[in-house]
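run.txt (compact mmCIF, C-alpha atoms) appears below.
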# COMPACT_ATOMS: atom_id res chain seq x y z
CA MET A 15 51.02 99.56 100.77
CA ARG A 16 47.45 100.62 101.09
CA LYS A 17 46.35 103.64 99.10
CA VAL A 18 44.01 104.97 101.80
CA LYS A 19 44.87 108.28 103.46
CA THR A 20 44.32 108.07 107.23
CA ASP A 21 46.06 111.24 108.43
CA ALA A 22 42.88 112.89 109.73
CA ALA A 23 41.70 109.73 111.47
CA ASP A 24 45.14 109.17 112.99
CA ALA A 25 45.29 112.76 114.28
CA TYR A 26 41.82 112.39 115.81
CA HIS A 27 42.82 109.20 117.63
CA LEU A 28 46.03 110.80 118.92
CA CYS A 29 44.03 113.74 120.30
CA GLU A 30 41.59 111.37 121.97
CA LEU A 31 44.44 109.50 123.62
CA PHE A 32 46.06 112.73 124.81
CA TYR A 33 42.91 114.19 126.37
CA LYS A 34 41.48 111.01 127.85
CA GLU A 35 44.85 109.67 128.92
CA ASP A 36 43.47 106.25 128.06
CA LEU A 37 46.84 104.78 127.21
CA GLU A 38 47.47 101.09 126.81
CA PRO A 39 50.86 99.52 127.34
CA TYR A 40 52.73 98.40 124.25
CA LYS A 41 52.12 94.74 123.52
CA LYS A 42 54.78 92.82 121.74
CA ARG A 43 53.12 90.80 119.02
CA GLY A 44 53.87 87.12 118.75
CA ILE A 45 55.62 85.72 115.70
CA HIS A 46 52.46 83.82 114.72
CA LEU A 47 50.38 87.00 114.64
CA LEU A 48 53.02 88.83 112.61
CA ASN A 49 53.25 85.93 110.15
CA LEU A 50 49.46 85.85 109.86
CA ARG A 51 49.36 89.59 109.17
CA LYS A 52 52.05 89.23 106.49
CA LEU A 53 50.24 86.27 104.91
CA THR A 54 46.96 88.21 104.87
CA ARG A 55 48.60 91.14 103.10
CA GLN A 56 50.18 88.80 100.54
CA GLN A 57 46.78 87.22 99.91
CA GLU A 58 45.23 90.66 99.40
CA ASN A 59 47.98 91.54 96.91
CA LEU A 60 47.46 88.28 95.00
CA ALA A 61 43.71 88.87 94.87
CA GLU A 62 44.29 92.37 93.51
CA ILE A 63 46.74 91.10 90.86
CA THR A 64 44.31 88.33 89.88
CA ALA A 65 41.45 90.80 89.46
CA LYS A 66 43.59 93.13 87.33
CA THR A 67 44.77 90.22 85.17
CA LYS A 68 41.21 89.03 84.60
CA ILE A 69 40.17 92.53 83.53
CA GLN A 70 43.11 92.69 81.12
CA LEU A 71 42.16 89.28 79.69
CA HIS A 72 38.57 90.40 79.15
CA THR A 73 39.73 93.61 77.46
CA LEU A 74 42.16 91.80 75.18
CA LEU A 75 39.66 89.08 74.31
CA ASP A 76 36.99 91.66 73.45
CA GLN A 77 39.42 93.13 70.91
CA VAL A 78 40.77 89.88 69.44
CA PHE A 79 37.80 87.53 69.75
CA PRO A 80 34.61 89.56 70.45
CA GLU A 81 32.28 86.63 69.70
CA TYR A 82 33.78 84.59 72.54
CA ARG A 83 31.93 86.30 75.39
CA GLY A 84 28.76 84.43 76.28
CA VAL A 85 29.69 81.14 74.59
CA PHE A 86 30.47 79.39 77.89
CA GLY A 87 28.58 79.55 81.16
CA SER A 88 31.74 80.45 83.04
CA PHE A 89 34.40 82.49 81.29
CA TYR A 90 37.15 80.95 83.44
CA SER A 91 36.01 77.31 83.32
CA LYS A 92 38.56 74.70 82.26
CA VAL A 93 36.76 74.06 78.96
CA SER A 94 36.65 77.78 78.20
CA LEU A 95 40.34 78.29 78.93
CA LEU A 96 41.30 75.14 77.00
CA THR A 97 39.33 76.48 74.05
CA LEU A 98 41.32 79.70 74.15
CA LEU A 99 44.53 77.70 74.35
CA GLU A 100 43.63 75.61 71.30
CA PHE A 101 41.84 78.34 69.31
CA PRO A 102 43.12 81.79 70.30
CA THR A 103 41.20 83.66 67.56
CA SER A 104 37.83 83.42 65.85
CA GLU A 105 39.65 82.59 62.60
CA ALA A 106 41.23 79.55 64.27
CA VAL A 107 37.80 78.27 65.28
CA LEU A 108 36.34 78.90 61.82
CA SER A 109 39.23 77.14 60.07
CA ALA A 110 38.90 74.01 62.25
CA SER A 111 36.37 71.34 61.40
CA GLU A 112 33.61 70.36 63.81
CA ILE A 113 35.18 66.90 64.18
CA ASP A 114 38.59 68.42 65.01
CA ILE A 115 37.07 70.64 67.71
CA THR A 116 35.14 67.71 69.19
CA GLU A 117 38.22 65.47 69.24
CA ARG A 118 40.25 68.12 71.05
CA TYR A 119 37.54 68.49 73.70
CA VAL A 120 37.35 64.74 74.21
CA LYS A 121 41.15 64.54 74.64
CA ALA A 122 41.12 67.45 77.08
CA VAL A 123 38.31 65.94 79.15
CA GLN A 124 40.04 62.54 79.25
CA SER A 125 43.33 64.17 80.26
CA PHE A 126 41.57 66.14 82.98
CA GLY A 127 39.86 62.98 84.25
CA GLN A 128 43.18 61.13 84.44
CA GLN A 129 44.84 63.99 86.32
CA LYS A 130 41.96 64.14 88.78
CA LYS A 131 42.14 60.36 89.29
CA GLN A 132 45.90 60.53 90.01
CA ARG A 133 45.38 63.25 92.64
CA ASN A 134 42.93 61.09 94.56

Using the file provided, produce a representation of the structure as structure tokens.
Amino acid sequence: MRKVKTDAADAYHLCELFYKEDLEPYKKRGIHLLNLRKLTRQQENLAEITAKTKIQLHTLLDQVFPEYRGVFGSFYSKVSLLTLLEFPTSEAVLSASEIDITERYVKAVQSFGQQKKQRN
């Protein structure tokens, strides 16, 4: 449900209808329109949940791994998220060797390339 109060606006529109007698007959909505409306509301809800989840991730990451912000051009890029998957803390990055980190990136990029090739 939307969190916007529309009581005053609704009352105003009802008064307008009453005084102008500009009534329109009830139109039964088609199933396609109703499905589209439902789908649109679901998409809005998903977008809201996604935004909240991203904010929570940023907040948590600032507490656990404050140095992470600004390392990658896009915080949500595949490489960035794979890095978090492999090295969830700054200590994990510091304990890994440069060669180990490079090898993991190469494997991830190759795996991503193969998946992309299979989709096409």

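Atom CA of A:Arg133 is found 21.6 Å from atom CA of A:Tyr90.
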
Margin query: Rounded to one decimal, what separation in Å do you get between atom CA of A:Thr116 and atom CA of A:Gln77?
Written below: 25.8 Å

Next item on the list: Measure the distance from atom CA of A:Asp24 to atom CA of A:Asn59 in Å and round it to one decimal.
Entry: 24.0 Å

Please identify all polymer residues lying at most 12 Å from the point (45.0, 73.3, 74.5) (file coordinates), using all atoms listed in the file, and present the result as an mmCIF file with C-alpha atoms, in the coordinates of the input.
data_model
loop_
_atom_site.group_PDB
_atom_site.id
_atom_site.type_symbol
_atom_site.label_atom_id
_atom_site.label_comp_id
_atom_site.auth_asym_id
_atom_site.auth_seq_id
_atom_site.Cartn_x
_atom_site.Cartn_y
_atom_site.Cartn_z
ATOM 1 C CA LYS A 92 38.560 74.700 82.260
ATOM 2 C CA VAL A 93 36.760 74.060 78.960
ATOM 3 C CA SER A 94 36.650 77.780 78.200
ATOM 4 C CA LEU A 95 40.340 78.290 78.930
ATOM 5 C CA LEU A 96 41.300 75.140 77.000
ATOM 6 C CA THR A 97 39.330 76.480 74.050
ATOM 7 C CA LEU A 98 41.320 79.700 74.150
ATOM 8 C CA LEU A 99 44.530 77.700 74.350
ATOM 9 C CA GLU A 100 43.630 75.610 71.300
ATOM 10 C CA PHE A 101 41.840 78.340 69.310
ATOM 11 C CA PRO A 102 43.120 81.790 70.300
ATOM 12 C CA ILE A 115 37.070 70.640 67.710
ATOM 13 C CA GLU A 117 38.220 65.470 69.240
ATOM 14 C CA ARG A 118 40.250 68.120 71.050
ATOM 15 C CA TYR A 119 37.540 68.490 73.700
ATOM 16 C CA VAL A 120 37.350 64.740 74.210
ATOM 17 C CA LYS A 121 41.150 64.540 74.640
ATOM 18 C CA ALA A 122 41.120 67.450 77.080
ATOM 19 C CA VAL A 123 38.310 65.940 79.150
ATOM 20 C CA SER A 125 43.330 64.170 80.260
ATOM 21 C CA PHE A 126 41.570 66.140 82.980
#

Item checked: Pick from A:Ser109, A:Asn134, A:Thr103, A:Lys42, whichever lies nearest to A:Asp76 using all atoms listed in the file -> A:Thr103

At most 6 Å from (37.3, 86.2, 68.2), file frame, only C-alpha atoms: which residues, as a PDB file with C-alpha atoms, in the frame of the given file?
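Written output follows (out.pdb):
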ATOM      1  CA  VAL A  78      40.770  89.880  69.440  1.00  0.00           C
ATOM      2  CA  PHE A  79      37.800  87.530  69.750  1.00  0.00           C
ATOM      3  CA  PRO A  80      34.610  89.560  70.450  1.00  0.00           C
ATOM      4  CA  GLU A  81      32.280  86.630  69.700  1.00  0.00           C
ATOM      5  CA  TYR A  82      33.780  84.590  72.540  1.00  0.00           C
ATOM      6  CA  THR A 103      41.200  83.660  67.560  1.00  0.00           C
ATOM      7  CA  SER A 104      37.830  83.420  65.850  1.00  0.00           C
TER       8      SER A 104
END
